[in-house]
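One structure is given here, and the rest of the page talks about it.
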Amino acid sequence: MTSTTIAWLRNDLRLTDNPALSAAMRAGTRVIALYVHETAHGVRPPGAAARWWLHHSLQTLERDLAALGVELTVRTGEPGGIIADLVRDNTVAAVFWNRRYAPGEVLVDAAIKTWLINQGLATQSFGANVLIEPWDIATGQGQPYSVFTPFWKSLKQRAIALPLQQPSARLPRQPQPVDTDYREPCWAAKLGGHWYFGEVAAQRTLADFLDHRVTNYPQGRDFPDSDASSGLSPHLRFGEISPRQIWHTATMAAQMAPEKAAAIDKFLSELAWRDFSYHQLYHRGDIATEPMQPKYGNMAWREADDEFAAWTSGMTGLPIIDAGMRELWETGSMHNRVRILVASLLTKNLLIDWRRGEQWFWDCLVDSDRASNPASWQWVAGSGLDAAPYFRIFNPVTQGSRFDAAGGYVRRWVPELAALPDQWLHNPWEAPQQALAAAGVRLGVTYPAPIVDLKASRVRALEAAAALQRNDLAPKRASRIGIAPAGGGAESSA
DNA sequence: TACTAATTGCC
DNA sequence: GCAATTAGT
């Protein structure tokens with residue numbers, strides 16, 4: 001009589017440092033590695049670009065698992081029902097998984113765990129996808145952290161769990177076709193030129209970054225026309241590499257090469273931002289739908305569908321904004337600083353609800369992460385607990401001149417402006433007519449005039465924040481949560 | 001006078 | 001982080 005163990009994989013598509021998979025390999029004579037395209041209520045389905053990455057990552061994982069003698073089973077539906085079916089059809093003795101932290105996900109997993117226990121099956125969940133479990137780190141008052149810096153200081157004092165080795169192989173199996181209902185979208189070929197998938201590619205990316213590029217990271221990371229960023233985010237998103245692996249590999253590299261230690265510390269602080277986002281996701285409810293500062297529920301967001309459409313399509317008339325939005329559409333990614341710039345423009349200059357921008361990123365980014373994406377949007381929008389201050393409104397011209405002074409980034413993604421001299425590249429509407437003509441630029445024809453006046457919209461954003469504050473200080477007659485009180489800031493269309 | 005650098009207010 | 005203001009050359 002053989003017993004079967006299920007390792008239910010989610011955002012942990014790797015063999016090394018995968019406690020659920022390792023436990024399953026130890027426990028069962030037969031192991032089913034299960035991936036479910038979930039339709040359960042409360043589980044946010046991946047966006048289109050992430051779904052594309054996921055498909056290829058699963059194919060890679062399937063080959064890697066086959067070398068271990070483990071088959072990958074991919075299903076679509078409610079995970080509880082799918083696991084119940086597998087339990088019924090196989091002699092399943094145990095089900096293991098690595099934890100996830102969104103409130104809806106926690107509920108789904110808890111319900112399945114209860115069912116398994118009632119069936120008399122063994123089940124266990126493991127920490128594997130954050131540096132430290134959200135309940136294992138707290139302020140001196142025992143509260144969840146709301147400010148990053150003390151979180152980071154505290155995290156650095158902690159012993160981060162060591163990554164696990166890859167489990168040893170069983171009898172090899174022939175790979176079976178997987179995920180057969182997947183149809184490659186029409187834009188996939190375009191994205192495909194930019195990426196490698198899977199655990200091996202992730203490890204190679206990390207090694208290359210630590211060997212050759214990390215020293216330039218602290219200074220270079222702000223310049224979009226450079227390759228200073230690590231390139232690890234989509235690998236992390238799907239758990240092709242774990243944050244603990246990155247932590248320990250980088251820490252080791254810092255010990256071997258002390259001259260890199262400061263740069264590696266900066267890199268690891270950015271990795272800690274990811275953990276901080278998960279900390280917020282676990283403790284603060286669904287940060288993708290609810291502002292962490294409740295007063296932002298009363299913000300007078302504008303509808304402005306035409307302006308939102310211009311933003312999504314990279315046709316705002318603001319070159320570095322359009323460059324970023326086009327990079328996103330073409331590659332499924334966007335340089336970090338430019339993410340901040342386009343988010344600031346949307347939520348402050350255009351006063352459009354950060355959730356709409358978050359959803360666009362969710363659909364378009366291959367690395368759109370359940371915690372980092374909404375937490376970062378709330379950070380820029382000002383509704384986060386440790387957010388950028390309301391008055392930090394980025395000027396795309398100033399920022400472009402500072403961080404893309406030579407214009408390489410804008411010229412690559414906005415080629416219709418390529419012939420403009422640096423002086424006018426970030427503000428073509430201020431260029432003299434003959435400069436535009438010489439560059440073959442006709443504003444409103446070959447490239448849009450700006451859809452928003454930066455100066456006036458900045459004042460409008462400050463006024464909207466002031467209205468929020470007045471509303472917040474006013475007597476709380478409107479205890480109707482989620483309903484903007486009449487006469488508050490909600491109708492001020494400034 | 002013309003420019004830059006430093007300072008400060010901004011719910 | 002921006003922009004208006006002030007101080008400095």
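Ordering of the structure tokens sets the chain letters (A, B, ...), residue numbers begin anew at 1 in every chain, and ligands are numbered from 1 in the order given.
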| request: Define the interface residues of chain A facing chain B as those within 10 Å, counting only C-alpha atoms (C1' of nucleotides), and report them as number ranges by chain. | output: A: 389-392, 462-470, 472
Would you list which chain C residues are within 12 Å of chain A using only C-alpha atoms (C1' of nucleotides), as a compact mmCIF listing (two decimals) with C-alpha atoms (C1' of nucleotides), in the first residue's frame?
# COMPACT_ATOMS: atom_id res chain seq x y z
C1' DG C 1 9.88 66.86 -3.48
C1' DC C 2 8.56 71.37 -5.05
C1' DA C 3 8.59 76.06 -5.19
| task | Taking the chain letters and numbering used in this document, name the residues of range 28-210 of chain A that DSSP puts in alpha helix (DSSP H), as a ChimeraX atom specification. | result | /A:48-68,79-89,103-118,148-157,188-192,198-208
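The neighbours of range 233-245 of chain A here are the residues that come within 8 Å of it, using only C-alpha atoms (C1' of nucleotides) and leaving out any residue fewer than 6 positions away in the same chain; they are Arg10, Asn11, Asp12, Leu13, Arg14, Asp17, Leu54, Ser57, Ala128, Asn129, Val130, Leu131, Ile160, Ala161, Leu162, Pro163, Phe197, Gly198, Glu199, Ala202, Gln203, Leu271, Val366, Asp367, Ser368 and Asp369 of chain A.
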Include C-alpha atoms and write out the residues we just selected as a PDB file, in the first residue's frame.
ATOM      1  CA  ARG A  10       1.309  28.506  -4.789  1.00  0.00           C
ATOM      2  CA  ASN A  11       3.798  31.356  -4.905  1.00  0.00           C
ATOM      3  CA  ASP A  12       6.745  29.053  -4.289  1.00  0.00           C
ATOM      4  CA  LEU A  13       7.585  27.556  -7.684  1.00  0.00           C
ATOM      5  CA  ARG A  14      10.998  26.205  -6.725  1.00  0.00           C
ATOM      6  CA  ASP A  17      14.146  26.193   0.121  1.00  0.00           C
ATOM      7  CA  LEU A  54       3.072  31.866 -14.449  1.00  0.00           C
ATOM      8  CA  SER A  57       7.219  29.243 -14.833  1.00  0.00           C
ATOM      9  CA  ALA A 128       8.874  30.084   3.218  1.00  0.00           C
ATOM     10  CA  ASN A 129       7.914  33.201   1.319  1.00  0.00           C
ATOM     11  CA  VAL A 130       8.860  36.030   3.669  1.00  0.00           C
ATOM     12  CA  LEU A 131      11.994  36.679   5.704  1.00  0.00           C
ATOM     13  CA  ILE A 160      16.628  34.803   9.309  1.00  0.00           C
ATOM     14  CA  ALA A 161      15.907  31.116   8.798  1.00  0.00           C
ATOM     15  CA  LEU A 162      18.439  29.297   6.643  1.00  0.00           C
ATOM     16  CA  PRO A 163      17.243  28.081   3.240  1.00  0.00           C
ATOM     17  CA  PHE A 197      11.845  31.987 -16.376  1.00  0.00           C
ATOM     18  CA  GLY A 198      12.313  29.626 -13.506  1.00  0.00           C
ATOM     19  CA  GLU A 199      14.499  28.767 -10.569  1.00  0.00           C
ATOM     20  CA  ALA A 202      16.530  33.317 -10.840  1.00  0.00           C
ATOM     21  CA  GLN A 203      19.671  31.945  -9.209  1.00  0.00           C
ATOM     22  CA  LEU A 271      14.097  43.279   0.042  1.00  0.00           C
ATOM     23  CA  VAL A 366       4.836  40.361 -14.685  1.00  0.00           C
ATOM     24  CA  ASP A 367       6.001  40.993 -11.101  1.00  0.00           C
ATOM     25  CA  SER A 368       2.703  42.335  -9.711  1.00  0.00           C
ATOM     26  CA  ASP A 369       2.834  41.155  -6.141  1.00  0.00           C
TER      27      ASP A 369
END
| request: Name the residues in contact with Met315 in chain A at a cut-off of 9 Å, using only C-alpha atoms (C1' of nucleotides), excluding same-chain residues fewer than 2 positions from it; report them as a ChimeraX atom specification. | output: /A:309-313,317-319,321-322,325-326,447-451
Dump C-alpha atoms for the selected residues as a tab-separated table (two decimals), in the first residue's frame?
chain	number	residue	atom	x	y	z
A	309	ALA	CA	-6.90	56.28	-20.74
A	310	ALA	CA	-4.15	58.69	-21.77
A	311	TRP	CA	-2.15	57.57	-18.75
A	312	THR	CA	-2.52	53.86	-19.48
A	313	SER	CA	-1.63	54.24	-23.13
A	317	GLY	CA	2.26	64.37	-23.33
A	318	LEU	CA	4.71	64.10	-20.42
A	319	PRO	CA	7.68	62.26	-21.87
A	321	ILE	CA	5.54	59.31	-17.87
A	322	ASP	CA	4.73	58.07	-21.36
A	325	MET	CA	3.79	53.45	-19.36
A	326	ARG	CA	4.99	52.23	-22.74
A	447	TYR	CA	3.07	63.67	-29.92
A	448	PRO	CA	0.36	64.89	-27.50
A	449	ALA	CA	0.36	68.24	-25.80
A	450	PRO	CA	0.38	67.66	-22.01
A	451	ILE	CA	-3.01	66.58	-20.70
